[in-house]
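Structure file input03.pdb (PDB, C-alpha atoms, pLDDT in the B column) is printed below.
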```pdb
ATOM      1  CA  MET A   1      32.208 147.063 170.012  1.00 66.00           C
ATOM      2  CA  PRO A   2      35.348 144.860 170.023  1.00 72.00           C
ATOM      3  CA  VAL A   3      34.690 141.168 169.953  1.00 81.00           C
ATOM      4  CA  ASN A   4      36.829 138.405 171.466  1.00 91.00           C
ATOM      5  CA  LYS A   5      38.542 136.651 168.530  1.00 89.00           C
ATOM      6  CA  ARG A   6      37.928 133.203 170.000  1.00 90.00           C
ATOM      7  CA  SER A   7      34.245 133.701 170.446  1.00 90.00           C
ATOM      8  CA  LYS A   8      34.008 135.517 167.125  1.00 90.00           C
ATOM      9  CA  TYR A   9      35.031 132.361 165.249  1.00 91.00           C
ATOM     10  CA  ARG A  10      32.933 129.912 167.343  1.00 91.00           C
ATOM     11  CA  GLY A  11      30.727 127.829 165.080  1.00 91.00           C
ATOM     12  CA  SER A  12      32.656 128.917 161.981  1.00 91.00           C
ATOM     13  CA  ARG A  13      34.015 126.039 159.953  1.00 92.00           C
ATOM     14  CA  THR A  14      37.233 127.717 158.765  1.00 91.00           C
ATOM     15  CA  CYS A  15      37.812 130.498 161.338  1.00 90.00           C
ATOM     16  CA  GLY A  16      38.518 133.185 158.753  1.00 90.00           C
ATOM     17  CA  GLY A  17      40.756 131.017 156.583  1.00 89.00           C
ATOM     18  CA  GLY A  18      38.627 131.198 153.450  1.00 91.00           C
ATOM     19  CA  THR A  19      37.304 128.031 151.918  1.00 91.00           C
ATOM     20  CA  HIS A  20      37.708 124.676 153.597  1.00 90.00           C
ATOM     21  CA  LYS A  21      40.356 123.705 151.022  1.00 90.00           C
ATOM     22  CA  ASN A  22      42.788 126.353 152.262  1.00 90.00           C
ATOM     23  CA  ARG A  23      45.196 125.799 155.155  1.00 89.00           C
ATOM     24  CA  ARG A  24      45.615 122.122 154.356  1.00 89.00           C
ATOM     25  CA  GLY A  25      49.115 120.976 155.263  1.00 89.00           C
ATOM     26  CA  ALA A  26      52.426 122.018 153.750  1.00 91.00           C
ATOM     27  CA  GLY A  27      51.209 121.645 150.161  1.00 88.00           C
ATOM     28  CA  ASN A  28      49.239 124.837 150.566  1.00 88.00           C
ATOM     29  CA  ARG A  29      52.466 126.817 151.150  1.00 88.00           C
ATOM     30  CA  GLY A  30      54.754 125.020 148.680  1.00 91.00           C
ATOM     31  CA  GLY A  31      56.447 122.722 151.161  1.00 93.00           C
ATOM     32  CA  ARG A  32      58.059 123.059 154.557  1.00 93.00           C
ATOM     33  CA  GLY A  33      61.265 124.929 155.341  1.00 91.00           C
ATOM     34  CA  ARG A  34      63.681 125.326 152.435  1.00 90.00           C
ATOM     35  CA  ALA A  35      61.581 123.262 150.031  1.00 92.00           C
ATOM     36  CA  GLY A  36      61.700 124.576 146.478  1.00 91.00           C
ATOM     37  CA  GLN A  37      64.830 126.667 146.896  1.00 90.00           C
ATOM     38  CA  ARG A  38      66.008 125.572 143.438  1.00 89.00           C
ATOM     39  CA  ASP A  39      62.566 125.231 141.863  1.00 92.00           C
ATOM     40  CA  HIS A  40      59.327 127.051 142.567  1.00 92.00           C
ATOM     41  CA  ARG A  41      60.678 129.424 145.251  1.00 92.00           C
ATOM     42  CA  PHE A  42      64.065 130.127 143.662  1.00 92.00           C
ATOM     43  CA  SER A  43      63.490 133.867 143.344  1.00 92.00           C
ATOM     44  CA  HIS A  44      62.601 134.223 147.042  1.00 91.00           C
ATOM     45  CA  PHE A  45      65.816 132.530 148.168  1.00 91.00           C
ATOM     46  CA  TYR A  46      67.860 134.312 145.480  1.00 91.00           C
ATOM     47  CA  LEU A  47      66.717 137.755 146.616  1.00 93.00           C
ATOM     48  CA  LYS A  48      67.582 136.927 150.221  1.00 92.00           C
ATOM     49  CA  GLY A  49      71.005 135.612 149.137  1.00 89.00           C
ATOM     50  CA  GLU A  50      70.373 132.184 150.607  1.00 88.00           C
ATOM     51  CA  ILE A  51      71.157 129.998 147.585  1.00 86.00           C
ATOM     52  CA  SER A  52      73.233 126.923 148.369  1.00 82.00           C
ATOM     53  CA  ASN A  53      73.753 124.477 145.530  1.00 81.00           C
ATOM     54  CA  GLY A  54      75.392 121.695 147.473  1.00 82.00           C
ATOM     55  CA  LYS A  55      78.991 120.627 147.770  1.00 84.00           C
ATOM     56  CA  HIS A  56      81.605 120.398 145.024  1.00 85.00           C
ATOM     57  CA  GLY A  57      84.731 118.264 144.984  1.00 89.00           C
ATOM     58  CA  PHE A  58      86.606 117.118 148.036  1.00 90.00           C
ATOM     59  CA  ILE A  59      89.434 118.250 150.292  1.00 88.00           C
ATOM     60  CA  SER A  60      92.424 115.955 150.370  1.00 90.00           C
ATOM     61  CA  LYS A  61      93.531 115.122 153.903  1.00 92.00           C
ATOM     62  CA  THR A  62      97.118 114.563 152.820  1.00 94.00           C
ATOM     63  CA  SER A  63      97.663 117.784 150.855  1.00 90.00           C
ATOM     64  CA  VAL A  64     100.279 120.209 152.118  1.00 91.00           C
ATOM     65  CA  PRO A  65      99.767 123.923 151.402  1.00 92.00           C
ATOM     66  CA  VAL A  66     102.681 125.479 149.491  1.00 92.00           C
ATOM     67  CA  SER A  67     103.181 129.239 149.327  1.00 95.00           C
ATOM     68  CA  ALA A  68     103.948 130.053 145.710  1.00 96.00           C
ATOM     69  CA  LEU A  69     104.405 133.175 143.606  1.00 95.00           C
ATOM     70  CA  ASP A  70     104.743 133.774 139.866  1.00 96.00           C
ATOM     71  CA  VAL A  71     108.119 134.823 138.527  1.00 96.00           C
ATOM     72  CA  GLY A  72     106.390 137.717 136.736  1.00 95.00           C
ATOM     73  CA  GLU A  73     105.134 139.122 140.048  1.00 95.00           C
ATOM     74  CA  ILE A  74     108.620 138.815 141.548  1.00 95.00           C
ATOM     75  CA  ASP A  75     109.936 140.671 138.494  1.00 94.00           C
ATOM     76  CA  GLN A  76     107.426 143.499 139.035  1.00 95.00           C
ATOM     77  CA  MET A  77     108.353 143.705 142.725  1.00 93.00           C
ATOM     78  CA  ALA A  78     112.128 143.698 142.034  1.00 92.00           C
ATOM     79  CA  GLU A  79     112.636 147.460 142.367  1.00 93.00           C
ATOM     80  CA  ALA A  80     110.607 147.631 145.584  1.00 94.00           C
ATOM     81  CA  LEU A  81     112.529 144.651 147.012  1.00 93.00           C
ATOM     82  CA  LEU A  82     115.802 146.442 146.264  1.00 94.00           C
ATOM     83  CA  ARG A  83     114.582 149.560 148.083  1.00 93.00           C
ATOM     84  CA  GLU A  84     113.466 147.552 151.117  1.00 94.00           C
ATOM     85  CA  GLY A  85     116.749 145.650 151.272  1.00 93.00           C
ATOM     86  CA  LEU A  86     115.215 142.231 150.594  1.00 92.00           C
ATOM     87  CA  ALA A  87     117.190 141.937 147.344  1.00 94.00           C
ATOM     88  CA  THR A  88     120.692 143.002 146.313  1.00 94.00           C
ATOM     89  CA  ARG A  89     122.058 144.279 143.011  1.00 94.00           C
ATOM     90  CA  GLU A  90     125.241 142.672 141.717  1.00 92.00           C
ATOM     91  CA  GLY A  91     126.041 144.562 138.531  1.00 91.00           C
ATOM     92  CA  ASP A  92     123.001 144.163 136.297  1.00 92.00           C
ATOM     93  CA  LEU A  93     121.862 141.063 138.226  1.00 93.00           C
ATOM     94  CA  ILE A  94     119.236 141.242 140.993  1.00 94.00           C
ATOM     95  CA  ALA A  95     119.819 138.559 143.636  1.00 95.00           C
ATOM     96  CA  LEU A  96     117.122 137.536 146.103  1.00 94.00           C
ATOM     97  CA  ASP A  97     116.203 134.673 148.384  1.00 95.00           C
ATOM     98  CA  ALA A  98     112.559 133.615 148.024  1.00 94.00           C
ATOM     99  CA  ALA A  99     112.548 132.056 151.517  1.00 92.00           C
ATOM    100  CA  GLU A 100     113.017 135.542 153.010  1.00 92.00           C
ATOM    101  CA  LEU A 101     109.799 136.596 151.270  1.00 91.00           C
ATOM    102  CA  GLY A 102     107.971 133.508 152.580  1.00 93.00           C
ATOM    103  CA  ILE A 103     107.840 131.870 149.153  1.00 94.00           C
ATOM    104  CA  GLU A 104     108.487 128.143 148.872  1.00 95.00           C
ATOM    105  CA  LYS A 105     107.900 127.655 145.144  1.00 96.00           C
ATOM    106  CA  VAL A 106     108.402 129.974 142.179  1.00 96.00           C
ATOM    107  CA  LEU A 107     105.885 129.448 139.358  1.00 96.00           C
ATOM    108  CA  GLY A 108     106.237 130.370 135.680  1.00 95.00           C
ATOM    109  CA  GLY A 109     103.443 132.903 135.187  1.00 95.00           C
ATOM    110  CA  GLY A 110     104.042 136.441 133.909  1.00 94.00           C
ATOM    111  CA  ARG A 111     106.877 138.142 132.007  1.00 94.00           C
ATOM    112  CA  VAL A 112     110.480 138.458 133.137  1.00 94.00           C
ATOM    113  CA  THR A 113     112.182 141.752 132.226  1.00 94.00           C
ATOM    114  CA  HIS A 114     115.045 141.835 134.785  1.00 93.00           C
ATOM    115  CA  LYS A 115     118.102 139.633 134.973  1.00 95.00           C
ATOM    116  CA  MET A 116     117.583 137.858 138.306  1.00 94.00           C
ATOM    117  CA  SER A 117     119.292 135.286 140.471  1.00 95.00           C
ATOM    118  CA  ILE A 118     116.609 133.659 142.628  1.00 95.00           C
ATOM    119  CA  SER A 119     117.177 130.974 145.233  1.00 96.00           C
ATOM    120  CA  ALA A 120     114.106 129.019 146.328  1.00 95.00           C
ATOM    121  CA  ARG A 121     113.079 125.599 147.568  1.00 95.00           C
ATOM    122  CA  GLU A 122     111.325 124.682 144.293  1.00 95.00           C
ATOM    123  CA  PHE A 123     110.922 126.025 140.760  1.00 96.00           C
ATOM    124  CA  SER A 124     108.486 125.035 138.061  1.00 96.00           C
ATOM    125  CA  GLU A 125     110.098 124.172 134.728  1.00 96.00           C
ATOM    126  CA  ARG A 126     108.636 127.254 133.057  1.00 96.00           C
ATOM    127  CA  ALA A 127     109.904 129.572 135.805  1.00 95.00           C
ATOM    128  CA  ARG A 128     113.396 128.111 135.553  1.00 95.00           C
ATOM    129  CA  THR A 129     113.508 128.523 131.755  1.00 96.00           C
ATOM    130  CA  LYS A 130     112.174 132.110 131.877  1.00 95.00           C
ATOM    131  CA  ILE A 131     114.786 133.148 134.444  1.00 95.00           C
ATOM    132  CA  GLU A 132     117.615 131.463 132.536  1.00 94.00           C
ATOM    133  CA  GLU A 133     116.486 132.909 129.164  1.00 94.00           C
ATOM    134  CA  MET A 134     117.050 136.408 130.589  1.00 92.00           C
ATOM    135  CA  GLY A 135     120.555 135.368 131.666  1.00 93.00           C
ATOM    136  CA  GLY A 136     119.697 134.834 135.331  1.00 94.00           C
ATOM    137  CA  GLN A 137     120.061 131.882 137.666  1.00 94.00           C
ATOM    138  CA  ALA A 138     117.485 129.717 139.408  1.00 95.00           C
ATOM    139  CA  THR A 139     119.149 128.053 142.399  1.00 95.00           C
ATOM    140  CA  THR A 140     117.356 125.305 144.325  1.00 94.00           C
ATOM    141  CA  VAL A 141     118.081 125.418 148.050  1.00 87.00           C
TER
END
```
If you convert what's in this file into structure tokens, what do you get?
Amino acid sequence: MPVNKRSKYRGSRTCGGGTHKNRRGAGNRGGRGRAGQRDHRFSHFYLKGEISNGKHGFISKTSVPVSALDVGEIDQMAEALLREGLATREGDLIALDAAELGIEKVLGGGRVTHKMSISAREFSERARTKIEEMGGQATTV
């Protein structure tokens, strides 16, 4: 016969919770909330994908985002830019305006294989030397 749970535990010291030492505060369950996320309950939080290891660095309030692209990537895109009409061919020289592509600064990463004349707002020193070594021009607008 089913018994009412409340009356079932009347007179019982622990109400089905085992010994009297169990169910004593947060220490019994390893702390409250996110306690132990980097220590004794790391694996639980890791499996759920809830690891947060604090903040790193800072965000400068005065920084201005600059859209930049490596000269090597521009070199790889040169043929496609010619097809799309964003660049023009003048003899063996490929001329393009970086502002039309939405690029403010040309950086010096990658390899340059085409002779290019690029006009942009800014160039890094390495980008300028790589373009000029191939016989091209880096024009600052």
Skipping near chain neighbours, those fewer than 4 positions away, what residues fall within 10 Å of Arg111 of chain A using all atoms listed in the file, listed as a PDB file with C-alpha atoms, in the frame of the given file?
```pdb
ATOM      1  CA  ASP A  70     104.743 133.774 139.866  1.00 96.00           C
ATOM      2  CA  VAL A  71     108.119 134.823 138.527  1.00 96.00           C
ATOM      3  CA  GLY A  72     106.390 137.717 136.736  1.00 95.00           C
ATOM      4  CA  GLU A  73     105.134 139.122 140.048  1.00 95.00           C
ATOM      5  CA  ILE A  74     108.620 138.815 141.548  1.00 95.00           C
ATOM      6  CA  ASP A  75     109.936 140.671 138.494  1.00 94.00           C
ATOM      7  CA  GLN A  76     107.426 143.499 139.035  1.00 95.00           C
ATOM      8  CA  ALA A 127     109.904 129.572 135.805  1.00 95.00           C
ATOM      9  CA  LYS A 130     112.174 132.110 131.877  1.00 95.00           C
ATOM     10  CA  ILE A 131     114.786 133.148 134.444  1.00 95.00           C
TER      11      ILE A 131
END
```
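Against the coordinates shown, the PyMOL selection byres ((chain A and resi 35-38) around 12) returns Ala26, Gly27, Arg29, Gly30, Gly31, Arg32, Gly33, Arg34, Asp39, His40, Arg41, Phe42, Ser43, His44, Phe45, Tyr46, Leu47, Lys48, Gly49, Glu50, Ile51, Ser52, Asn53 and Gly54 of chain A.
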Can those selected residues be exported to a file as a PDB file, keeping the file's coordinate frame so that it contains C-alpha atoms?
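Here's the written file out_0.pdb:
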```pdb
ATOM      1  CA  ALA A  26      52.426 122.018 153.750  1.00 91.00           C
ATOM      2  CA  GLY A  27      51.209 121.645 150.161  1.00 88.00           C
ATOM      3  CA  ARG A  29      52.466 126.817 151.150  1.00 88.00           C
ATOM      4  CA  GLY A  30      54.754 125.020 148.680  1.00 91.00           C
ATOM      5  CA  GLY A  31      56.447 122.722 151.161  1.00 93.00           C
ATOM      6  CA  ARG A  32      58.059 123.059 154.557  1.00 93.00           C
ATOM      7  CA  GLY A  33      61.265 124.929 155.341  1.00 91.00           C
ATOM      8  CA  ARG A  34      63.681 125.326 152.435  1.00 90.00           C
ATOM      9  CA  ASP A  39      62.566 125.231 141.863  1.00 92.00           C
ATOM     10  CA  HIS A  40      59.327 127.051 142.567  1.00 92.00           C
ATOM     11  CA  ARG A  41      60.678 129.424 145.251  1.00 92.00           C
ATOM     12  CA  PHE A  42      64.065 130.127 143.662  1.00 92.00           C
ATOM     13  CA  SER A  43      63.490 133.867 143.344  1.00 92.00           C
ATOM     14  CA  HIS A  44      62.601 134.223 147.042  1.00 91.00           C
ATOM     15  CA  PHE A  45      65.816 132.530 148.168  1.00 91.00           C
ATOM     16  CA  TYR A  46      67.860 134.312 145.480  1.00 91.00           C
ATOM     17  CA  LEU A  47      66.717 137.755 146.616  1.00 93.00           C
ATOM     18  CA  LYS A  48      67.582 136.927 150.221  1.00 92.00           C
ATOM     19  CA  GLY A  49      71.005 135.612 149.137  1.00 89.00           C
ATOM     20  CA  GLU A  50      70.373 132.184 150.607  1.00 88.00           C
ATOM     21  CA  ILE A  51      71.157 129.998 147.585  1.00 86.00           C
ATOM     22  CA  SER A  52      73.233 126.923 148.369  1.00 82.00           C
ATOM     23  CA  ASN A  53      73.753 124.477 145.530  1.00 81.00           C
ATOM     24  CA  GLY A  54      75.392 121.695 147.473  1.00 82.00           C
TER      25      GLY A  54
END
```
Could you expand the PyMOL selection byres ((chain A and resi 66) around 8) into the explicit residues it covers here, written as a PyMOL selection string? chain A and resi 64-65+67-68+104-105
Hits from the PyMOL selection byres ((chain A and resi 85) around 12), listed as a PyMOL selection string: chain A and resi 78-84+86-89+94-97+100-101
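The space separating atom CA of Lys115 of chain A from atom CA of Leu93 of chain A comes to 5.2 Å.
Nearest residue to Ala98 of chain A, choosing from A:Thr14, A:Asn4, A:Thr139, A:Thr62 and counting only C-alpha atoms: A:Thr139.
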As a check of understanding: the span from atom CA of His114 of chain A to atom CA of Glu133 of chain A is 10.6 Å
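Among the candidates A:Lys8, A:Glu125, A:Ser60, A:Gly136, the residue lying nearest to Val106 of chain A is A:Glu125 (atoms considered: all atoms listed in the file).
Every protein, DNA or RNA residue with an atom at most 8 Å from Gln137 of chain A, where only C-alpha atoms count and chain neighbours fewer than 3 positions away do not, is listed here: Met116, Ser117, Ile118, Arg128, Ile131 and Glu132 of chain A.
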